[in-house]
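Shown below: work.txt, with compact mmCIF, C-alpha atoms.
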# COMPACT_ATOMS: atom_id res chain seq x y z
CA MET P 181 -17.34 -8.30 -17.60
CA TRP P 182 -18.50 -10.79 -14.96
CA LYS P 183 -15.02 -10.88 -13.50
CA MET P 184 -15.11 -7.11 -13.01
CA ILE P 185 -18.55 -7.33 -11.37
CA LEU P 186 -17.40 -10.12 -9.05
CA ARG P 187 -14.26 -8.17 -8.18
CA PHE P 188 -16.37 -5.10 -7.45
CA LEU P 189 -18.79 -7.10 -5.26
CA LYS P 190 -15.85 -8.64 -3.43
CA ILE P 191 -14.47 -5.15 -2.68
CA ILE P 192 -17.90 -4.01 -1.43
CA LEU P 193 -18.12 -7.12 0.79
CA ILE P 194 -14.67 -6.49 2.25
CA VAL P 195 -15.52 -2.83 2.91
CA ALA P 196 -18.80 -3.85 4.55
CA VAL P 197 -17.05 -6.39 6.78
CA ILE P 198 -14.44 -3.82 7.79
CA LEU P 199 -17.19 -1.30 8.51
CA VAL P 200 -19.12 -3.79 10.67
CA ILE P 201 -15.96 -4.71 12.60
CA THR P 202 -15.09 -1.04 13.09
CA ILE P 203 -18.56 -0.18 14.35
CA SER P 204 -18.50 -3.21 16.65
CA ILE P 205 -15.16 -2.13 18.11
CA ILE P 206 -16.42 1.44 18.61
CA LEU P 207 -19.57 0.18 20.34
CA LEU P 208 -17.52 -2.13 22.52
CA LEU P 209 -15.21 0.70 23.52
CA LEU P 210 -18.18 2.95 24.24
CA SER P 211 -19.78 0.25 26.38
CA MET P 212 -16.59 0.06 28.42
CA GLN P 213 -16.51 3.80 29.10
CA PRO P 214 -17.72 4.90 32.53
CA PHE P 215 -20.75 7.18 32.74
CA VAL P 216 -18.94 9.24 35.38
CA PRO P 217 -15.40 10.50 34.61
CA ASN P 218 -12.84 9.07 37.00
CA ASN P 219 -11.53 12.59 37.62
CA TYR P 220 -14.91 14.30 37.96
CA THR P 221 -14.06 15.60 41.45
CA GLN P 222 -11.27 17.61 39.83
CA ILE P 223 -13.06 18.90 36.74
CA VAL P 224 -16.61 19.71 37.91
CA LYS P 225 -17.04 23.43 38.49
CA THR P 226 -18.19 24.50 41.94
CA GLY P 227 -19.82 27.75 43.03
CA GLY P 228 -19.33 27.68 46.76
CA GLU P 229 -16.73 26.85 49.38
CA LEU P 230 -18.77 24.03 50.88
CA GLU P 231 -19.66 22.60 47.49
CA ALA P 232 -15.94 22.42 46.71
CA LYS P 233 -15.16 20.89 50.11
CA TYR P 234 -17.60 18.02 49.74
CA LEU P 235 -16.82 17.43 46.08
CA ALA P 236 -13.21 16.70 47.02
CA ILE P 237 -12.16 13.17 47.94
CA GLY P 238 -12.71 12.37 51.62
CA ALA P 239 -10.18 11.14 54.17
CA SER P 240 -10.87 7.39 53.94
CA GLN P 241 -9.17 4.97 51.61
CA VAL P 242 -11.74 2.85 49.79
CA GLU P 243 -12.10 -0.84 49.08
CA HIS P 244 -14.52 -2.59 46.72
CA MET P 245 -16.37 -5.88 46.95
CA GLU P 246 -18.43 -7.50 44.18
CA VAL P 247 -20.99 -10.13 45.15
CA SER P 248 -22.76 -12.51 42.78
CA THR P 249 -26.49 -13.03 43.25
CA GLU P 250 -29.20 -15.22 41.82
CA GLU P 251 -31.14 -12.16 40.71
CA GLU P 252 -31.63 -11.67 36.99
CA TRP P 253 -29.94 -8.28 37.26
CA GLY P 254 -26.68 -9.84 38.40
CA ASN P 255 -24.13 -8.63 40.90
CA ILE P 256 -24.06 -6.30 43.88
CA ASN P 257 -21.21 -3.79 44.19
CA VAL P 258 -20.15 -2.45 47.57
CA TYR P 259 -17.63 0.33 48.24
CA TYR P 260 -16.59 1.03 51.82
CA PRO P 261 -13.87 2.70 53.90
CA LYS P 262 -10.82 0.48 54.14
CA GLU P 263 -10.63 0.88 57.91
CA LEU P 264 -14.07 -0.72 58.30
CA THR P 265 -12.66 -4.24 58.62
CA GLU P 266 -10.52 -3.22 61.61
CA SER P 267 -12.94 -0.77 63.17
CA ALA P 268 -15.31 -1.38 66.07
CA LYS P 269 -17.81 1.26 64.90
CA SER P 270 -20.71 1.07 62.48
CA TYR P 271 -21.00 3.07 59.25
CA PRO P 272 -23.92 4.86 57.59
CA VAL P 273 -25.13 3.48 54.27
CA VAL P 274 -26.12 4.97 50.92
CA VAL P 275 -28.05 2.79 48.46
CA MET P 276 -27.56 3.83 44.82
CA VAL P 277 -30.41 3.34 42.31
CA ASN P 278 -29.34 3.09 38.67
CA GLY P 279 -30.61 5.15 35.80
CA THR P 280 -31.84 3.29 32.71
CA GLY P 281 -29.09 0.91 31.62
CA VAL P 282 -26.51 2.62 33.84
CA TYR P 283 -25.29 -0.27 35.99
CA SER P 284 -23.34 0.34 39.18
CA SER P 285 -20.21 -0.92 37.42
CA LYS P 286 -20.57 2.00 34.97
CA TYR P 287 -20.12 4.77 37.55
CA PRO P 288 -17.63 3.49 40.17
CA ALA P 289 -16.08 6.93 40.67
CA LEU P 290 -19.30 8.13 42.31
CA PHE P 291 -19.32 5.17 44.70
CA LYS P 292 -15.65 5.66 45.57
CA HIS P 293 -16.09 9.34 46.27
CA LEU P 294 -18.98 8.85 48.68
CA ALA P 295 -17.25 5.91 50.39
CA SER P 296 -14.18 8.10 50.95
CA TRP P 297 -16.37 10.26 53.19
CA GLY P 298 -17.06 7.32 55.49
CA PHE P 299 -20.11 5.61 53.97
CA ILE P 300 -20.87 2.08 52.90
CA VAL P 301 -22.13 2.64 49.35
CA ILE P 302 -23.99 -0.18 47.64
CA GLY P 303 -25.60 -0.73 44.26
CA ASN P 304 -26.37 -3.38 41.66
CA GLU P 305 -26.44 -4.09 37.93
CA ASP P 306 -30.18 -3.64 37.41
CA PRO P 307 -30.86 -1.73 34.15
CA SER P 308 -34.50 -1.03 35.06
CA THR P 309 -34.94 0.22 38.62
CA CYS P 310 -38.12 2.30 38.76
CA SER P 311 -40.03 -0.05 41.08
CA GLY P 312 -37.35 0.16 43.77
CA SER P 313 -37.43 -3.63 44.08
CA SER P 314 -33.77 -4.28 43.25
CA ALA P 315 -32.70 -1.48 45.61
CA ASP P 316 -34.69 -3.18 48.36
CA THR P 317 -33.12 -6.57 47.61
CA THR P 318 -29.67 -4.98 47.65
CA LEU P 319 -30.27 -3.32 51.01
CA ALA P 320 -31.69 -6.58 52.39
CA TRP P 321 -28.45 -8.35 51.43
CA LEU P 322 -26.38 -5.80 53.36
CA LEU P 323 -28.66 -6.04 56.40
CA ASN P 324 -28.23 -9.81 56.37
CA GLU P 325 -24.47 -9.36 56.20
CA ASN P 326 -24.70 -7.13 59.25
CA GLU P 327 -26.04 -10.16 61.17
CA ASN P 328 -23.56 -12.66 59.73
CA PRO P 329 -20.50 -13.23 61.99
CA ASP P 330 -18.51 -14.46 58.97
CA SER P 331 -19.07 -11.25 56.98
CA ARG P 332 -16.72 -8.28 56.84
CA PHE P 333 -19.86 -6.16 57.38
CA TYR P 334 -20.83 -7.92 60.61
CA GLN P 335 -22.15 -5.27 63.01
CA LYS P 336 -20.63 -2.57 60.75
CA VAL P 337 -23.92 -1.25 59.33
CA ASP P 338 -25.50 1.73 61.06
CA GLU P 339 -29.13 0.75 60.52
CA GLU P 340 -30.34 4.06 61.99
CA HIS P 341 -28.65 6.06 59.23
CA ILE P 342 -29.42 4.77 55.74
CA GLY P 343 -29.78 7.04 52.73
CA ILE P 344 -30.74 6.44 49.12
CA SER P 345 -29.86 8.22 45.88
CA GLY P 346 -30.84 7.64 42.26
CA HIS P 347 -30.65 9.32 38.86
CA SER P 348 -33.26 9.52 36.08
CA GLN P 349 -35.31 6.30 36.24
CA GLY P 350 -33.36 5.68 39.43
CA GLY P 351 -34.73 8.97 40.74
CA VAL P 352 -38.19 7.42 40.39
CA GLY P 353 -36.89 4.23 42.00
CA VAL P 354 -35.79 6.26 45.03
CA PHE P 355 -39.39 7.22 45.80
CA ASN P 356 -40.72 3.71 45.21
CA ALA P 357 -37.98 2.10 47.31
CA ILE P 358 -39.01 4.37 50.19
CA ASN P 359 -42.77 4.21 49.77
CA GLU P 360 -43.53 0.81 48.23
CA GLN P 361 -40.83 -1.65 49.31
CA PRO P 362 -40.51 -3.76 52.50
CA HIS P 363 -37.44 -1.94 53.86
CA GLY P 364 -38.60 1.54 52.91
CA SER P 365 -39.12 2.61 56.52
CA LEU P 366 -35.39 2.19 57.21
CA TYR P 367 -34.34 5.14 55.06
CA THR P 368 -33.31 8.34 56.85
CA CYS P 369 -33.07 10.68 53.84
CA ALA P 370 -33.02 10.65 50.05
CA VAL P 371 -31.60 12.36 46.97
CA SER P 372 -33.42 12.21 43.64
CA LEU P 373 -31.35 13.37 40.67
CA SER P 374 -33.28 14.43 37.56
CA PRO P 375 -36.11 11.94 38.16
CA THR P 376 -38.45 11.30 35.25
CA GLN P 377 -41.24 13.86 35.58
CA LEU P 378 -44.60 12.59 36.81
CA ASP P 379 -46.61 12.68 33.57
CA LEU P 380 -43.83 11.15 31.47
CA ALA P 381 -43.26 8.48 34.11
CA GLU P 382 -46.95 7.57 33.95
CA ALA P 383 -46.77 7.29 30.16
CA LEU P 384 -43.75 5.00 30.52
CA ASN P 385 -45.51 2.86 33.16
CA MET P 386 -43.16 4.06 35.90
CA HIS P 387 -45.74 5.11 38.46
CA TYR P 388 -44.60 6.82 41.66
CA GLU P 389 -46.17 8.95 44.38
CA PRO P 390 -43.75 11.47 45.90
CA ASP P 391 -46.47 12.83 48.21
CA LYS P 392 -46.19 9.61 50.27
CA THR P 393 -42.57 10.36 51.19
CA ASN P 394 -42.07 11.05 54.89
CA ILE P 395 -38.30 11.60 55.04
CA PRO P 396 -36.16 14.58 53.92
CA VAL P 397 -35.65 14.70 50.15
CA PHE P 398 -33.10 16.66 48.11
CA LEU P 399 -34.23 17.11 44.50
CA LEU P 400 -31.70 18.12 41.86
CA ALA P 401 -32.18 18.50 38.12
CA ALA P 402 -30.53 19.95 35.03
CA THR P 403 -31.91 22.97 33.20
CA GLU P 404 -31.19 21.21 29.88
CA SER P 405 -32.84 17.91 30.83
CA ASP P 406 -35.21 16.15 28.44
CA VAL P 407 -36.94 14.09 31.14
CA ILE P 408 -37.83 16.77 33.68
CA THR P 409 -38.58 20.45 33.01
CA PRO P 410 -38.17 23.23 35.58
CA ASP P 411 -41.97 23.41 35.93
CA SER P 412 -42.17 19.65 36.45
CA ALA P 413 -39.37 19.79 39.02
CA LYS P 414 -41.41 22.40 40.91
CA GLN P 415 -44.50 20.17 40.70
CA LEU P 416 -42.53 17.25 42.10
CA TYR P 417 -41.01 19.41 44.82
CA ASP P 418 -44.42 20.71 45.87
CA ALA P 419 -45.73 17.15 46.07
CA VAL P 420 -43.17 16.18 48.72
CA LYS P 421 -44.67 17.08 52.10
CA ASN P 422 -41.63 16.50 54.35
CA ASP P 423 -38.43 18.52 54.73
CA LYS P 424 -36.94 19.16 51.32
CA ALA P 425 -34.59 21.16 49.13
CA VAL P 426 -34.44 21.67 45.37
CA ALA P 427 -32.04 23.23 42.86
CA LEU P 428 -31.55 23.18 39.07
CA ARG P 429 -28.01 23.16 37.72
CA ASN P 430 -27.57 25.89 35.08
CA GLY P 431 -26.68 24.77 31.56
CA MET P 432 -26.28 21.14 32.57
CA ASP P 433 -27.61 18.20 30.55
CA HIS P 434 -29.50 15.25 31.94
CA GLY P 435 -26.71 12.66 31.94
CA LYS P 436 -24.16 14.85 33.70
CA MET P 437 -26.54 15.51 36.58
CA LEU P 438 -25.53 12.06 37.81
CA TYR P 439 -22.34 13.64 39.15
CA SER P 440 -22.21 17.40 38.55
CA ALA P 441 -23.93 18.29 41.85
CA ASP P 442 -22.17 15.61 43.86
CA GLY P 443 -20.61 18.11 46.25
CA TYR P 444 -24.05 19.01 47.57
CA VAL P 445 -25.30 15.41 47.43
CA THR P 446 -22.40 14.44 49.68
CA ALA P 447 -23.12 17.38 52.00
CA TRP P 448 -26.77 16.28 52.29
CA PHE P 449 -25.74 12.78 53.34
CA MET P 450 -22.99 14.07 55.62
CA TRP P 451 -25.56 16.17 57.44
CA TYR P 452 -28.44 13.73 57.72
CA LEU P 453 -26.46 10.50 58.10
CA LYS P 454 -23.40 11.71 60.03
CA GLY P 455 -24.60 14.86 61.78
CA ASP P 456 -21.97 17.08 60.10
CA THR P 457 -22.86 20.65 61.17
CA GLU P 458 -20.56 22.16 58.54
CA ALA P 459 -22.42 20.32 55.79
CA ALA P 460 -25.71 21.56 57.28
CA LYS P 461 -24.70 25.13 56.39
CA VAL P 462 -25.38 24.31 52.74
CA PHE P 463 -29.07 24.06 53.62
CA THR P 464 -29.62 25.94 56.91
CA GLY P 465 -28.81 29.18 58.70
CA ASP P 466 -29.33 32.80 57.72
CA ALA P 467 -27.69 32.37 54.31
CA PRO P 468 -27.56 28.73 53.14
CA GLU P 469 -24.85 28.29 50.53
CA LEU P 470 -27.20 26.47 48.17
CA LEU P 471 -29.37 29.57 47.85
CA ARG P 472 -26.34 31.75 47.06
CA ASN P 473 -24.67 29.48 44.51
CA GLN P 474 -24.89 31.06 41.05
CA LEU P 475 -24.35 27.72 39.31
CA TYR P 476 -27.90 26.85 40.29
CA GLN P 477 -31.34 28.37 39.84
CA GLU P 478 -34.86 27.85 41.24
CA GLN P 479 -33.32 26.98 44.61
CA GLN P 480 -35.75 26.44 47.44
CA ILE P 481 -35.37 24.97 50.92
CA ASP P 482 -38.19 23.97 53.24
CA ILE P 483 -36.70 22.40 56.34
CA SER P 484 -38.78 22.74 59.48
CA CYS P 485 -36.17 21.77 62.04
CA ILE P 486 -32.41 21.48 62.37
CA ASN P 487 -31.15 17.91 62.28
Write the structure described by the file as structure tokens, please.
Amino acid sequence: MWKMILRFLKIILIVAVILVITISIILLLLSMQPFVPNNYTQIVKTGGELEAKYLAIGASQVEHMEVSTEEEWGNINVYYPKELTESAKSYPVVVMVNGTGVYSSKYPALFKHLASWGFIVIGNEDPSTCSGSSADTTLAWLLNENENPDSRFYQKVDEEHIGISGHSQGGVGVFNAINEQPHGSLYTCAVSLSPTQLDLAEALNMHYEPDKTNIPVFLLAATESDVITPDSAKQLYDAVKNDKAVALRNGMDHGKMLYSADGYVTAWFMWYLKGDTEAAKVFTGDAPELLRNQLYQEQQIDISCIN
């Protein structure tokens, strides 16, 4: 009798061990999966000619550099056009602000895509970015490299054209990096992707004040988001007093907003950071493409002057 019980317990123990190992392997594999599909530029649906143009990979080949830091959040990741090291010109910059737990190493495809359009794109491994502090530290590192004769980025940073983009908690961090951090005045324009809505952010101790923002802001959100409703997106949009645009992606969930509107995010930066007049047609003229794109709703543009 006891032998049968012991044999049964042994079988249960073996099954439990196998189950734990299996779950551990699954979790490990999931942790290794990127948050942005490597082929997203090929599979994301577009609703306009310009959206498709700027969602495609740009003309530049891209290189990557990872830099260790003494910060508790770890490394800095930089993606940049390959020709930068041989070029005599400077390049505009986009600082990326992570969503909760979504480190820069988890969405490299987004960095590569933007860098292929001629930007230095920089981010870090901070899992909690709402204060904008780690974004500021990351930008400060690049600015120091711009003054370092031994750096590949020496005199390659266009300090007059620096943008910032963030998703979810990172969307909150965008506003705080601009309005509350030492280098905030250096930013030219911003994109906030599905930022945590104001009341929820307050409840989560992620305070931010979008009404302080004095640079152009592009606000994008998903209609199926659980962190920002259409009404809250409108509230946030109304709070921004400078030039701005907003759109909600139809039928999209919160996580996929990190990359699903990337064609228009790229167009925004191409216009404000590189003076691309074709990209400007997304947001300006008699019939801006953003307003006509049926993949989006609640579109609104308030831009007082042409860049």
If you take all atoms listed in the file and a cut-off of 12 Å, which residues of range 347-453 of chain P touch range 321-339 of chain P, and what are their nearest atom pairs and distances in Å to one decimal, in chain and number order, as a Markdown table?
| residue | atom | partner | partner_atom | distance |
| --- | --- | --- | --- | --- |
| P:His363 | CA | P:Leu323 | CA | 10.0 |
| P:Ser365 | CA | P:Glu339 | CA | 10.9 |
| P:Leu366 | CA | P:Glu339 | CA | 7.2 |
| P:Tyr367 | CA | P:Glu339 | CA | 8.7 |
| P:Thr368 | CA | P:Glu339 | CA | 9.4 |
| P:Leu453 | CA | P:Asp338 | CA | 9.3 |
Please build the interface table for range 426-457 of chain P against range 344-361 of chain P with a cut-off of 12 Å, listing for each qualifying residue the nearest atom pair and the distance in Å to one decimal; count only C-alpha atoms, order rows by chain and increasing number, and write it as JSON lines.
{"residue": "P:Asp433", "atom": "CA", "partner": "P:Ser348", "partner_atom": "CA", "distance": 11.7}
{"residue": "P:His434", "atom": "CA", "partner": "P:Ser348", "partner_atom": "CA", "distance": 8.0}
{"residue": "P:Gly435", "atom": "CA", "partner": "P:Ser348", "partner_atom": "CA", "distance": 8.4}
{"residue": "P:Lys436", "atom": "CA", "partner": "P:His347", "partner_atom": "CA", "distance": 10.0}
{"residue": "P:Met437", "atom": "CA", "partner": "P:His347", "partner_atom": "CA", "distance": 7.8}
{"residue": "P:Leu438", "atom": "CA", "partner": "P:His347", "partner_atom": "CA", "distance": 5.9}
{"residue": "P:Tyr439", "atom": "CA", "partner": "P:His347", "partner_atom": "CA", "distance": 9.4}
{"residue": "P:Ser440", "atom": "CA", "partner": "P:His347", "partner_atom": "CA", "distance": 11.7}
{"residue": "P:Ala441", "atom": "CA", "partner": "P:His347", "partner_atom": "CA", "distance": 11.6}
{"residue": "P:Asp442", "atom": "CA", "partner": "P:Ser345", "partner_atom": "CA", "distance": 10.9}
{"residue": "P:Val445", "atom": "CA", "partner": "P:Ser345", "partner_atom": "CA", "distance": 8.7}
{"residue": "P:Thr446", "atom": "CA", "partner": "P:Ser345", "partner_atom": "CA", "distance": 10.4}
{"residue": "P:Trp448", "atom": "CA", "partner": "P:Ser345", "partner_atom": "CA", "distance": 10.8}
{"residue": "P:Phe449", "atom": "CA", "partner": "P:Ile344", "partner_atom": "CA", "distance": 9.1}
{"residue": "P:Tyr452", "atom": "CA", "partner": "P:Ile344", "partner_atom": "CA", "distance": 11.5}
{"residue": "P:Leu453", "atom": "CA", "partner": "P:Ile344", "partner_atom": "CA", "distance": 10.7}
What is the distance between CA of Ser248 in chain P and CA of Pro272 in chain P, in Å to one decimal?
22.9 Å
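Shortest atom-to-atom contact with Asp423 in chain P among P:Leu399, P:Val301, P:Ile483, P:Leu475: P:Ile483, counting only C-alpha atoms.
Interatomic distance, CA of Ser267 in chain P against CA of Ala239 in chain P: 15.2 Å.
Comparing P:Lys262, P:His293, P:Lys421, P:Arg429 by their smallest distance to Lys392 in chain P, the closest is P:Lys421 (using all atoms listed in the file).
Shortest atom-to-atom contact with Ile481 in chain P among P:Asp456, P:Asp418, P:Ser285, P:Thr317: P:Asp418, counting all atoms listed in the file.
Compared by their closest atoms to Ile302 in chain P, and using all atoms listed in the file, the residues P:Leu290, P:Val277, P:Ala401, P:Val258 rank with P:Val258 nearest.
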Quick one: everything within 12 Å of Gln222 in chain P, counting only C-alpha atoms, minus sequence neighbours fewer than 4 positions away in the same chain. Send it as a ChimeraX atom specification.
/P:217-218,226,232-237,289,293,439-440,442-443
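Compared by their closest atoms to Gly343 in chain P, and using all atoms listed in the file, the residues P:Val274, P:Gly238, P:Ser308, P:Tyr220 rank with P:Val274 nearest.
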Would you compute the distance between CA of Asn257 in chain P and CA of Val426 in chain P? Give it in Å to one decimal.
28.7 Å
